[in-house]
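**Q** Dropping in run33.txt, with compact mmCIF, C-alpha atoms.
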# COMPACT_ATOMS: atom_id res chain seq x y z
CA MET Q 4 119.23 80.70 139.12
CA ALA Q 5 121.82 78.09 139.90
CA THR Q 6 120.73 74.99 138.03
CA VAL Q 7 123.60 74.50 135.62
CA PRO Q 8 125.35 71.12 136.03
CA THR Q 9 128.93 71.87 136.91
CA LEU Q 10 130.12 68.90 134.86
CA TYR Q 11 129.42 70.79 131.65
CA GLY Q 12 131.41 73.72 132.96
CA LEU Q 13 134.41 71.39 133.28
CA VAL Q 14 133.77 70.13 129.76
CA LEU Q 15 133.80 73.72 128.48
CA ALA Q 16 137.07 74.37 130.34
CA GLY Q 17 138.61 71.24 128.83
CA ILE Q 18 137.57 72.15 125.30
CA LEU Q 19 138.88 75.71 125.60
CA PHE Q 20 142.15 74.46 127.07
CA GLY Q 21 142.60 72.00 124.23
CA LEU Q 22 141.89 74.70 121.65
CA GLY Q 23 144.43 77.01 123.28
CA ALA Q 24 147.03 74.25 123.27
CA LEU Q 25 146.27 73.62 119.60
CA GLY Q 26 146.83 77.31 118.92
CA VAL Q 27 150.21 77.22 120.66
CA ILE Q 28 151.32 74.22 118.60
CA VAL Q 29 150.06 75.28 115.20
CA ARG Q 30 150.87 78.98 115.02
CA ARG Q 31 154.31 80.20 114.12
CA ASN Q 32 153.89 83.85 114.93
CA LEU Q 33 155.01 84.59 118.50
CA PHE Q 34 152.10 86.97 119.04
CA PHE Q 35 149.54 84.24 118.32
CA ILE Q 36 151.40 81.83 120.57
CA LEU Q 37 151.09 84.28 123.47
CA LEU Q 38 147.41 84.80 122.66
CA SER Q 39 146.78 81.03 122.74
CA LEU Q 40 148.60 80.83 126.08
CA GLU Q 41 146.16 83.38 127.46
CA ILE Q 42 143.27 81.26 126.19
CA MET Q 43 144.72 78.28 128.07
CA LEU Q 44 145.09 80.29 131.29
CA ASN Q 45 141.51 81.48 131.00
CA ALA Q 46 140.30 77.90 130.59
CA ALA Q 47 142.20 76.85 133.72
CA GLY Q 48 140.57 79.72 135.61
CA LEU Q 49 137.18 78.57 134.36
CA ALA Q 50 137.85 75.09 135.74
CA PHE Q 51 138.70 76.55 139.15
CA VAL Q 52 135.57 78.71 139.26
CA VAL Q 53 133.42 75.72 138.26
CA ALA Q 54 134.98 73.66 141.05
CA GLY Q 55 134.36 76.40 143.61
CA SER Q 56 130.78 76.69 142.44
CA ARG Q 57 130.28 72.94 142.75
CA TRP Q 58 131.35 72.86 146.39
CA ALA Q 59 129.75 76.25 147.19
CA GLN Q 60 133.12 77.50 148.45
CA ALA Q 61 134.78 80.79 147.64
CA ASP Q 62 138.18 79.13 147.17
CA GLY Q 63 137.55 78.62 143.47
CA GLN Q 64 137.07 82.31 142.77
CA VAL Q 65 140.03 83.16 145.04
CA MET Q 66 142.18 80.86 142.91
CA PHE Q 67 140.76 82.53 139.82
CA ILE Q 68 141.91 85.92 141.16
CA PHE Q 69 145.41 84.52 141.66
CA ILE Q 70 145.44 83.01 138.17
CA LEU Q 71 144.38 86.39 136.78
CA THR Q 72 147.23 88.10 138.63
CA VAL Q 73 149.85 85.63 137.46
CA ALA Q 74 148.52 85.76 133.89
CA ALA Q 75 148.77 89.54 133.85
CA ALA Q 76 152.33 89.56 135.20
CA GLU Q 77 153.48 86.79 132.86
CA LEU Q 78 151.83 88.42 129.89
CA SER Q 79 153.46 91.79 130.51
CA VAL Q 80 156.89 90.17 130.66
CA GLY Q 81 156.10 88.05 127.61
CA LEU Q 82 154.97 91.03 125.56
CA ALA Q 83 158.04 93.04 126.57
CA LEU Q 84 160.15 90.12 125.34
CA LEU Q 85 158.04 90.01 122.18
CA ILE Q 86 158.85 93.64 121.46
CA GLN Q 87 162.55 92.99 122.02
CA PHE Q 88 162.31 89.92 119.75
CA HIS Q 89 160.76 92.02 117.03
CA HIS Q 90 163.37 94.73 117.50
CA ARG Q 91 166.22 92.25 117.22
CA TYR Q 92 165.11 89.77 114.56
CA ARG Q 93 162.85 92.11 112.52
CA THR Q 94 160.29 89.28 112.38
CA LEU Q 95 157.95 87.50 114.75
CA ASP Q 96 158.76 84.06 113.35
CA ILE Q 97 159.44 81.75 116.26
CA ASP Q 98 161.83 79.76 114.07
CA ALA Q 99 164.10 82.78 113.80
CA ALA Q 100 165.19 82.29 117.41
CA SER Q 101 167.56 79.43 116.68
CA ASP Q 102 170.80 80.91 117.98
CA LEU Q 103 171.25 78.19 120.59
CA ARG Q 104 171.31 75.45 117.99
CA GLY Q 105 174.55 73.53 117.74
CA MET T 26 119.45 79.38 132.88
CA ASN T 27 120.76 76.14 131.39
CA ALA T 28 120.05 77.39 127.88
CA ILE T 29 122.01 80.58 128.57
CA PHE T 30 124.97 78.56 129.78
CA TYR T 31 124.93 76.25 126.75
CA LEU T 32 124.62 79.19 124.37
CA ALA T 33 127.46 81.07 126.09
CA GLY T 34 129.59 77.93 125.98
CA ALA T 35 128.91 77.44 122.28
CA VAL T 36 129.81 81.09 121.58
CA ALA T 37 133.02 80.72 123.60
CA VAL T 38 134.11 77.55 121.76
CA LEU T 39 133.23 78.94 118.34
CA SER T 40 134.96 82.26 118.91
CA THR T 41 138.06 80.48 120.28
CA ILE T 42 138.23 78.28 117.18
CA LEU T 43 138.00 81.41 115.06
CA ALA T 44 140.55 83.23 117.22
CA ILE T 45 143.28 80.61 116.78
CA SER T 46 142.71 80.38 113.05
CA ARG T 47 142.66 84.03 111.99
CA LEU T 48 145.48 85.48 109.91
CA ASN T 49 145.07 89.07 111.03
CA ALA T 50 146.29 89.74 114.58
CA VAL T 51 143.53 92.22 115.38
CA HIS T 52 140.84 89.82 114.16
CA ALA T 53 142.21 87.09 116.42
CA LEU T 54 142.25 89.54 119.33
CA LEU T 55 138.64 90.54 118.79
CA TYR T 56 137.50 86.92 118.64
CA THR T 57 139.43 86.24 121.86
CA ILE T 58 137.67 89.15 123.56
CA VAL T 59 134.31 87.71 122.48
CA SER T 60 135.36 84.34 123.91
CA LEU T 61 136.27 85.98 127.22
CA LEU T 62 132.93 87.77 127.40
CA ALA T 63 131.13 84.49 126.72
CA VAL T 64 133.11 82.80 129.49
CA ALA T 65 132.15 85.68 131.81
CA LEU T 66 128.50 85.00 131.01
CA ALA T 67 129.12 81.31 131.77
CA PHE T 68 130.59 82.37 135.12
CA PHE T 69 127.45 84.33 135.87
CA THR T 70 125.17 81.39 135.10
CA LEU T 71 127.36 79.16 137.26
CA GLY T 72 126.70 81.37 140.28
CA ALA T 73 130.02 83.21 140.33
CA PRO T 74 129.15 86.87 139.68
CA PHE T 75 132.38 88.21 141.16
CA ALA T 76 134.50 86.07 138.84
CA ALA T 77 132.32 87.21 135.93
CA ILE T 78 132.95 90.87 136.71
CA LEU T 79 136.66 90.25 137.18
CA GLU T 80 136.82 88.42 133.86
CA VAL T 81 135.25 91.34 132.03
CA ILE T 82 137.15 94.13 133.77
CA ILE T 83 140.60 92.63 134.16
CA TYR T 84 140.93 89.90 131.54
CA ALA T 85 138.99 91.42 128.66
CA GLY T 86 139.45 94.99 129.80
CA ALA T 87 143.12 95.15 130.76
CA ILE T 88 145.00 92.08 129.53
CA MET T 89 143.49 92.11 126.05
CA VAL T 90 143.96 95.87 125.86
CA LEU T 91 147.64 95.20 126.56
CA PHE T 92 147.64 92.93 123.52
CA VAL T 93 146.02 95.69 121.47
CA PHE T 94 148.69 98.16 122.56
CA VAL T 95 151.43 95.74 121.55
CA VAL T 96 149.84 95.28 118.12
CA MET T 97 149.81 99.04 117.79
CA LEU T 98 153.46 99.28 118.89
CA LEU T 99 154.66 96.56 116.54
CA ASN T 100 153.00 98.41 113.67
CA VAL T 101 152.86 95.41 111.38
CA GLY T 102 151.38 96.11 107.98
CA PRO T 103 149.36 94.02 105.52
CA GLU T 104 152.44 92.02 104.59
CA ALA T 105 152.14 90.33 108.00
CA THR T 106 148.74 88.95 106.99
CA GLU T 107 150.28 87.64 103.78
CA GLN T 108 153.07 86.02 105.79
CA GLU T 109 150.50 84.34 108.03
CA ARG T 110 148.69 83.04 104.98
CA LEU T 111 151.92 81.39 103.86
CA TRP T 112 152.51 79.84 107.28
CA PHE T 113 148.96 78.66 107.88
CA HIS T 114 148.15 76.10 105.21
CA PRO T 115 146.32 72.83 105.97
CA ALA T 116 149.52 70.79 105.86
CA THR T 117 150.62 72.71 108.96
CA TRP T 118 147.52 72.55 111.09
CA GLY T 119 145.90 69.37 109.74
CA GLY T 120 147.89 66.85 111.75
CA PRO T 121 147.92 68.66 115.12
CA ALA T 122 144.25 69.63 114.77
CA PHE T 123 143.24 66.01 114.14
CA LEU T 124 145.19 64.74 117.15
CA ALA T 125 143.94 67.61 119.32
CA VAL T 126 140.32 66.82 118.38
CA ILE T 127 140.90 63.22 119.43
CA LEU T 128 142.36 64.34 122.76
CA ILE T 129 139.58 66.87 123.40
CA GLY T 130 137.00 64.17 122.62
CA GLU T 131 138.70 61.82 125.08
CA LEU T 132 138.74 64.53 127.74
CA VAL T 133 135.06 65.32 127.25
CA TYR T 134 134.18 61.62 127.39
CA VAL T 135 136.18 61.04 130.57
CA ILE T 136 134.64 64.06 132.30
CA LEU T 137 131.11 63.07 131.36
CA HIS T 138 131.19 59.32 131.95
CA GLU T 139 133.60 58.64 134.77
CA GLY T 140 132.90 59.42 138.38
CA PRO T 141 129.70 60.56 140.08
CA ALA T 142 127.32 63.07 138.59
CA ALA T 143 128.07 66.60 139.69
CA PRO T 144 125.43 68.59 141.55
CA PRO T 145 124.13 71.86 140.10
CA ALA T 146 126.09 75.04 140.56
CA GLN T 147 125.56 77.06 143.71
CA ILE T 148 125.94 80.79 144.09
CA VAL T 149 129.07 82.10 145.77
CA THR T 150 128.58 85.75 146.65
CA PRO T 151 131.29 88.43 146.40
CA LYS T 152 131.09 88.84 150.18
CA ALA T 153 132.10 85.22 150.68
CA VAL T 154 134.91 85.61 148.15
CA SER T 155 136.29 88.69 149.87
CA LEU T 156 136.05 87.10 153.33
CA THR T 157 137.95 84.06 152.06
CA LEU T 158 140.49 86.07 150.09
CA LEU T 159 141.38 88.44 152.91
CA GLY T 160 141.00 85.78 155.60
CA PRO T 161 142.74 82.44 155.08
CA TYR T 162 144.39 83.49 151.82
CA LEU T 163 145.86 86.78 152.97
CA LEU T 164 149.38 85.49 152.38
CA GLY T 165 148.42 84.75 148.79
CA VAL T 166 147.31 88.34 148.33
CA GLU T 167 150.68 89.61 149.53
CA LEU T 168 152.51 87.16 147.29
CA ALA T 169 150.34 88.25 144.37
CA SER T 170 151.45 91.83 144.95
CA LEU T 171 155.05 90.60 144.93
CA VAL T 172 154.44 88.80 141.63
CA LEU T 173 153.00 91.96 140.13
CA LEU T 174 155.99 93.99 141.34
CA ALA T 175 158.36 91.43 139.82
CA GLY T 176 156.39 91.54 136.57
CA LEU T 177 156.51 95.32 136.52
CA VAL T 178 160.26 95.48 137.05
CA ALA T 179 160.92 92.69 134.56
CA ALA T 180 158.67 94.20 131.90
CA PHE T 181 160.28 97.61 132.36
CA HIS T 182 163.75 96.17 132.11
CA ALA T 183 162.99 93.83 129.24
CA GLY T 184 161.40 96.64 127.27
CA MET T 185 164.33 99.00 127.50
CA ARG T 186 166.13 99.89 124.35
CA GLU T 187 169.90 99.80 124.41
CA GLU T 188 171.19 103.25 123.65
CA ASP T 189 173.92 102.38 121.18
Have the structure of the file written as structure tokens, please.

**A**
Amino acid sequence: MATVPTLYGLVLAGILFGLGALGVIVRRNLFFILLSLEIMLNAAGLAFVVAGSRWAQADGQVMFIFILTVAAAELSVGLALLIQFHHRYRTLDIDAASDLRG
Amino acid sequence: MNAIFYLAGAVAVLSTILAISRLNAVHALLYTIVSLLAVALAFFTLGAPFAAILEVIIYAGAIMVLFVFVVMLLNVGPEATEQERLWFHPATWGGPAFLAVILIGELVYVILHEGPAAPPAQIVTPKAVSLTLLGPYLLGVELASLVLLAGLVAAFHAGMREED
């Protein structure tokens, strides 16, 4: 079963992380920015699991569990803030949050 | 097994590209869920069945469902898709996409050509994961529960409406 070269798993993690970062930069809607952040976190978790599989240690999957936990907590706070943002500015445009300017 | 991994990886990359480029929020969510399922399959072929199950149950099954609930709560109509169409023209994403493709290509090249060749993946059983998690990393488990409690309290407080 286990014949996959772990190097290509790292390549997949790198590509997914880059795509998530591209999504964060390009999108202007706050919802899509949060979604791209989740894609980045998932790619980081993939890199950890690949590393744990390469060394045949369980530490990689343990780190993946912790990343999952932190992603869930951060996402719940982020989405609560998103709802407040929408309630206050009536839009999800990230450029609307410019009150600190000047 | 290699072919399954390559196919799952291709599905994950393609669905992620589609997810970050959709105008409709629900479409982007569905493509992200497909990407997560493909990554779970990649986990399975890499010999990490426990991580694969966790990815499906928790990431695609709870975190993405949270996104779906928020889309339902925000109740955005078709004018949101029109607004996205105005924001998402090639002048916006052309430059960053070009630079990001260059960086991703560099990253792939560095991973593939520098350093020693990596050995094939080896299976790590759920029993080994649980023994490691509740053995040396027990403190991390307790801290993770603290993080979840902090997230719960913060999300509850941040989601409260002011009654005025």

**Q** If you count all atoms listed in the file, which residues fall within 12 Å of segment 32-44 of chain T, apart from same-chain ones fewer than 5 positions away, as a ChimeraX atom specification?

**A** /Q:7,11-27,30,35-36,38-39,41-43,45-46,49 /T:26-27,49-71,122,126

**Q** What does the file look like for those residues with C-alpha atoms, as a tab-separated table (two decimals), in the coordinates of the input?

**A**
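File written: out.tsv
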chain	number	residue	atom	x	y	z
Q	7	VAL	CA	123.60	74.50	135.62
Q	11	TYR	CA	129.42	70.79	131.65
Q	12	GLY	CA	131.41	73.72	132.96
Q	13	LEU	CA	134.41	71.39	133.28
Q	14	VAL	CA	133.77	70.13	129.76
Q	15	LEU	CA	133.80	73.72	128.48
Q	16	ALA	CA	137.07	74.37	130.34
Q	17	GLY	CA	138.61	71.24	128.83
Q	18	ILE	CA	137.57	72.15	125.30
Q	19	LEU	CA	138.88	75.71	125.60
Q	20	PHE	CA	142.15	74.46	127.07
Q	21	GLY	CA	142.60	72.00	124.23
Q	22	LEU	CA	141.89	74.70	121.65
Q	23	GLY	CA	144.43	77.01	123.28
Q	24	ALA	CA	147.03	74.25	123.27
Q	25	LEU	CA	146.27	73.62	119.60
Q	26	GLY	CA	146.83	77.31	118.92
Q	27	VAL	CA	150.21	77.22	120.66
Q	30	ARG	CA	150.87	78.98	115.02
Q	35	PHE	CA	149.54	84.24	118.32
Q	36	ILE	CA	151.40	81.83	120.57
Q	38	LEU	CA	147.41	84.80	122.66
Q	39	SER	CA	146.78	81.03	122.74
Q	41	GLU	CA	146.16	83.38	127.46
Q	42	ILE	CA	143.27	81.26	126.19
Q	43	MET	CA	144.72	78.28	128.07
Q	45	ASN	CA	141.51	81.48	131.00
Q	46	ALA	CA	140.30	77.90	130.59
Q	49	LEU	CA	137.18	78.57	134.36
T	26	MET	CA	119.45	79.38	132.88
T	27	ASN	CA	120.76	76.14	131.39
T	49	ASN	CA	145.07	89.07	111.03
T	50	ALA	CA	146.29	89.74	114.58
T	51	VAL	CA	143.53	92.22	115.38
T	52	HIS	CA	140.84	89.82	114.16
T	53	ALA	CA	142.21	87.09	116.42
T	54	LEU	CA	142.25	89.54	119.33
T	55	LEU	CA	138.64	90.54	118.79
T	56	TYR	CA	137.50	86.92	118.64
T	57	THR	CA	139.43	86.24	121.86
T	58	ILE	CA	137.67	89.15	123.56
T	59	VAL	CA	134.31	87.71	122.48
T	60	SER	CA	135.36	84.34	123.91
T	61	LEU	CA	136.27	85.98	127.22
T	62	LEU	CA	132.93	87.77	127.40
T	63	ALA	CA	131.13	84.49	126.72
T	64	VAL	CA	133.11	82.80	129.49
T	65	ALA	CA	132.15	85.68	131.81
T	66	LEU	CA	128.50	85.00	131.01
T	67	ALA	CA	129.12	81.31	131.77
T	68	PHE	CA	130.59	82.37	135.12
T	69	PHE	CA	127.45	84.33	135.87
T	70	THR	CA	125.17	81.39	135.10
T	71	LEU	CA	127.36	79.16	137.26
T	122	ALA	CA	144.25	69.63	114.77
T	126	VAL	CA	140.32	66.82	118.38

**Q** Excluding segment 140-154 of chain T and any residue of its chain fewer than 5 positions from it, enumerate the residues within 10 Å of it, using only C-alpha atoms, and give them as a compact mmCIF listing (two decimals) with C-alpha atoms, keeping the file's coordinate frame.

**A**
# COMPACT_ATOMS: atom_id res chain seq x y z
CA MET Q 4 119.23 80.70 139.12
CA ALA Q 5 121.82 78.09 139.90
CA THR Q 6 120.73 74.99 138.03
CA VAL Q 7 123.60 74.50 135.62
CA PRO Q 8 125.35 71.12 136.03
CA THR Q 9 128.93 71.87 136.91
CA LEU Q 10 130.12 68.90 134.86
CA TYR Q 11 129.42 70.79 131.65
CA GLY Q 12 131.41 73.72 132.96
CA VAL Q 52 135.57 78.71 139.26
CA VAL Q 53 133.42 75.72 138.26
CA ALA Q 54 134.98 73.66 141.05
CA GLY Q 55 134.36 76.40 143.61
CA SER Q 56 130.78 76.69 142.44
CA ARG Q 57 130.28 72.94 142.75
CA TRP Q 58 131.35 72.86 146.39
CA ALA Q 59 129.75 76.25 147.19
CA GLN Q 60 133.12 77.50 148.45
CA ALA Q 61 134.78 80.79 147.64
CA ASP Q 62 138.18 79.13 147.17
CA GLY Q 63 137.55 78.62 143.47
CA GLN Q 64 137.07 82.31 142.77
CA VAL Q 65 140.03 83.16 145.04
CA ILE Q 68 141.91 85.92 141.16
CA PHE T 69 127.45 84.33 135.87
CA THR T 70 125.17 81.39 135.10
CA LEU T 71 127.36 79.16 137.26
CA GLY T 72 126.70 81.37 140.28
CA ALA T 73 130.02 83.21 140.33
CA PRO T 74 129.15 86.87 139.68
CA PHE T 75 132.38 88.21 141.16
CA ALA T 76 134.50 86.07 138.84
CA VAL T 135 136.18 61.04 130.57
CA LEU T 159 141.38 88.44 152.91
CA GLY T 160 141.00 85.78 155.60

**Q** Between atom CA of Ala99 of chain Q and atom CA of Leu82 of chain Q, what is the spacing in Å?

**A**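 Computing the Euclidean distance for atom CA of Leu82 of chain Q and atom CA of Ala99 of chain Q yields 17.0 Å.
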
**Q** One decimal, Å: what's the distance from atom CA of Met89 of chain T over to atom CA of Phe113 of chain T, could you say?

**A**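 Spanning atom CA of Met89 of chain T to atom CA of Phe113 of chain T is a straight-line distance of 23.3 Å.
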
**Q** Quick one: of Q:Thr72, Q:Thr94, Q:Asn32, Q:Ser101, who's nearest to Leu48 of chain T, counting all atoms listed in the file?

**A** Q:Asn32

**Q** Interatomic distance between atom CA of Gly184 of chain T and atom CA of Gln87 of chain Q?

**A** 6.5 Å

**Q** Show which residues sit within 9 Å of segment 95-97 of chain T, as a list of chain:residue names. Count only C-alpha atoms, and ignore same-chain residues fewer than 4 positions away.

**A**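 So, after excluding close chain neighbours, the residues are Q:Phe34, Q:Leu82, Q:Ala83, Q:Leu85, Q:Ile86, T:Ala50, T:Val51, T:Val90, T:Leu91, T:Val101.
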
**Q** Of the candidates Q:Ala100, Q:Leu37, Q:Leu84, Q:Arg93, which shows the shortest atom-to-atom distance to chain T, using all atoms listed in the file?

**A**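 Nearest candidate to chain T out of Q:Ala100, Q:Leu37, Q:Leu84, Q:Arg93: Q:Leu84.
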
**Q** For segment 23-34 of chain Q, supply all heavy atoms and report the output as an mmCIF file, in the coordinates of the input.

**A**
data_model
loop_
_atom_site.group_PDB
_atom_site.id
_atom_site.type_symbol
_atom_site.label_atom_id
_atom_site.label_comp_id
_atom_site.auth_asym_id
_atom_site.auth_seq_id
_atom_site.Cartn_x
_atom_site.Cartn_y
_atom_site.Cartn_z
ATOM 1 N N GLY Q 23 143.274 76.145 123.045
ATOM 2 C CA GLY Q 23 144.430 77.010 123.280
ATOM 3 C C GLY Q 23 145.733 76.293 123.044
ATOM 4 O O GLY Q 23 146.666 76.839 122.445
ATOM 5 N N ALA Q 24 145.821 75.032 123.497
ATOM 6 C CA ALA Q 24 147.030 74.250 123.270
ATOM 7 C C ALA Q 24 147.251 74.013 121.782
ATOM 8 O O ALA Q 24 148.386 74.068 121.289
ATOM 9 C CB ALA Q 24 146.941 72.914 124.013
ATOM 10 N N LEU Q 25 146.168 73.782 121.051
ATOM 11 C CA LEU Q 25 146.270 73.620 119.600
ATOM 12 C C LEU Q 25 146.803 74.889 118.955
ATOM 13 O O LEU Q 25 147.644 74.841 118.056
ATOM 14 C CB LEU Q 25 144.902 73.262 119.030
ATOM 15 C CG LEU Q 25 144.829 73.080 117.521
ATOM 16 C CD1 LEU Q 25 145.688 71.922 117.108
ATOM 17 C CD2 LEU Q 25 143.394 72.850 117.102
ATOM 18 N N GLY Q 26 146.337 76.041 119.449
ATOM 19 C CA GLY Q 26 146.830 77.310 118.920
ATOM 20 C C GLY Q 26 148.309 77.504 119.165
ATOM 21 O O GLY Q 26 149.038 78.004 118.306
ATOM 22 N N VAL Q 27 148.786 77.094 120.354
ATOM 23 C CA VAL Q 27 150.210 77.220 120.660
ATOM 24 C C VAL Q 27 151.028 76.354 119.717
ATOM 25 O O VAL Q 27 152.083 76.744 119.232
ATOM 26 C CB VAL Q 27 150.484 76.831 122.126
ATOM 27 C CG1 VAL Q 27 151.963 76.710 122.378
ATOM 28 C CG2 VAL Q 27 149.888 77.851 123.062
ATOM 29 N N ILE Q 28 150.541 75.148 119.420
ATOM 30 C CA ILE Q 28 151.320 74.220 118.600
ATOM 31 C C ILE Q 28 151.325 74.636 117.143
ATOM 32 O O ILE Q 28 152.345 74.564 116.458
ATOM 33 C CB ILE Q 28 150.743 72.796 118.755
ATOM 34 C CG1 ILE Q 28 150.944 72.295 120.179
ATOM 35 C CG2 ILE Q 28 151.390 71.845 117.780
ATOM 36 C CD1 ILE Q 28 150.274 70.990 120.442
ATOM 37 N N VAL Q 29 150.197 75.101 116.638
ATOM 38 C CA VAL Q 29 150.060 75.280 115.200
ATOM 39 C C VAL Q 29 150.640 76.600 114.724
ATOM 40 O O VAL Q 29 151.268 76.667 113.668
ATOM 41 C CB VAL Q 29 148.571 75.162 114.822
ATOM 42 C CG1 VAL Q 29 148.323 75.664 113.437
ATOM 43 C CG2 VAL Q 29 148.130 73.721 114.931
ATOM 44 N N ARG Q 30 150.467 77.670 115.496
ATOM 45 C CA ARG Q 30 150.870 78.980 115.020
ATOM 46 C C ARG Q 30 152.370 79.175 115.108
ATOM 47 O O ARG Q 30 153.022 78.662 116.024
ATOM 48 C CB ARG Q 30 150.168 80.082 115.821
ATOM 49 C CG ARG Q 30 148.679 80.021 115.777
ATOM 50 C CD ARG Q 30 148.158 79.944 114.366
ATOM 51 N NE ARG Q 30 148.385 81.164 113.619
ATOM 52 C CZ ARG Q 30 147.417 82.039 113.315
ATOM 53 N NH1 ARG Q 30 146.199 81.807 113.696
ATOM 54 N NH2 ARG Q 30 147.681 83.125 112.637
ATOM 55 N N ARG Q 31 152.881 79.952 114.160
ATOM 56 C CA ARG Q 31 154.310 80.200 114.120
ATOM 57 C C ARG Q 31 154.661 81.626 114.528
ATOM 58 O O ARG Q 31 155.795 81.920 114.852
ATOM 59 C CB ARG Q 31 154.812 79.930 112.695
ATOM 60 C CG ARG Q 31 156.261 79.603 112.649
ATOM 61 C CD ARG Q 31 156.557 78.933 111.356
ATOM 62 N NE ARG Q 31 157.693 79.578 110.710
ATOM 63 C CZ ARG Q 31 158.209 79.176 109.559
ATOM 64 N NH1 ARG Q 31 157.669 78.167 108.929
ATOM 65 N NH2 ARG Q 31 159.236 79.793 109.062
ATOM 66 N N ASN Q 32 153.674 82.478 114.521
ATOM 67 C CA ASN Q 32 153.890 83.850 114.930
ATOM 68 C C ASN Q 32 153.857 83.929 116.451
ATOM 69 O O ASN Q 32 152.938 83.409 117.092
ATOM 70 C CB ASN Q 32 152.771 84.716 114.326
ATOM 71 C CG ASN Q 32 153.060 86.175 114.439
ATOM 72 O OD1 ASN Q 32 153.851 86.592 115.262
ATOM 73 N ND2 ASN Q 32 152.422 86.961 113.600
ATOM 74 N N LEU Q 33 154.876 84.574 117.029
ATOM 75 C CA LEU Q 33 155.010 84.590 118.500
ATOM 76 C C LEU Q 33 153.813 85.269 119.160
ATOM 77 O O LEU Q 33 153.400 84.893 120.265
ATOM 78 C CB LEU Q 33 156.304 85.322 118.856
ATOM 79 C CG LEU Q 33 156.767 85.242 120.305
ATOM 80 C CD1 LEU Q 33 156.884 83.812 120.738
ATOM 81 C CD2 LEU Q 33 158.092 85.937 120.453
ATOM 82 N N PHE Q 34 153.250 86.264 118.472
ATOM 83 C CA PHE Q 34 152.100 86.970 119.040
ATOM 84 C C PHE Q 34 150.920 86.019 119.224
ATOM 85 O O PHE Q 34 150.244 86.023 120.258
ATOM 86 C CB PHE Q 34 151.731 88.124 118.110
ATOM 87 C CG PHE Q 34 150.554 88.912 118.566
ATOM 88 C CD1 PHE Q 34 150.692 89.878 119.535
ATOM 89 C CD2 PHE Q 34 149.298 88.678 118.034
ATOM 90 C CE1 PHE Q 34 149.612 90.598 119.969
ATOM 91 C CE2 PHE Q 34 148.215 89.402 118.456
ATOM 92 C CZ PHE Q 34 148.368 90.367 119.422
#
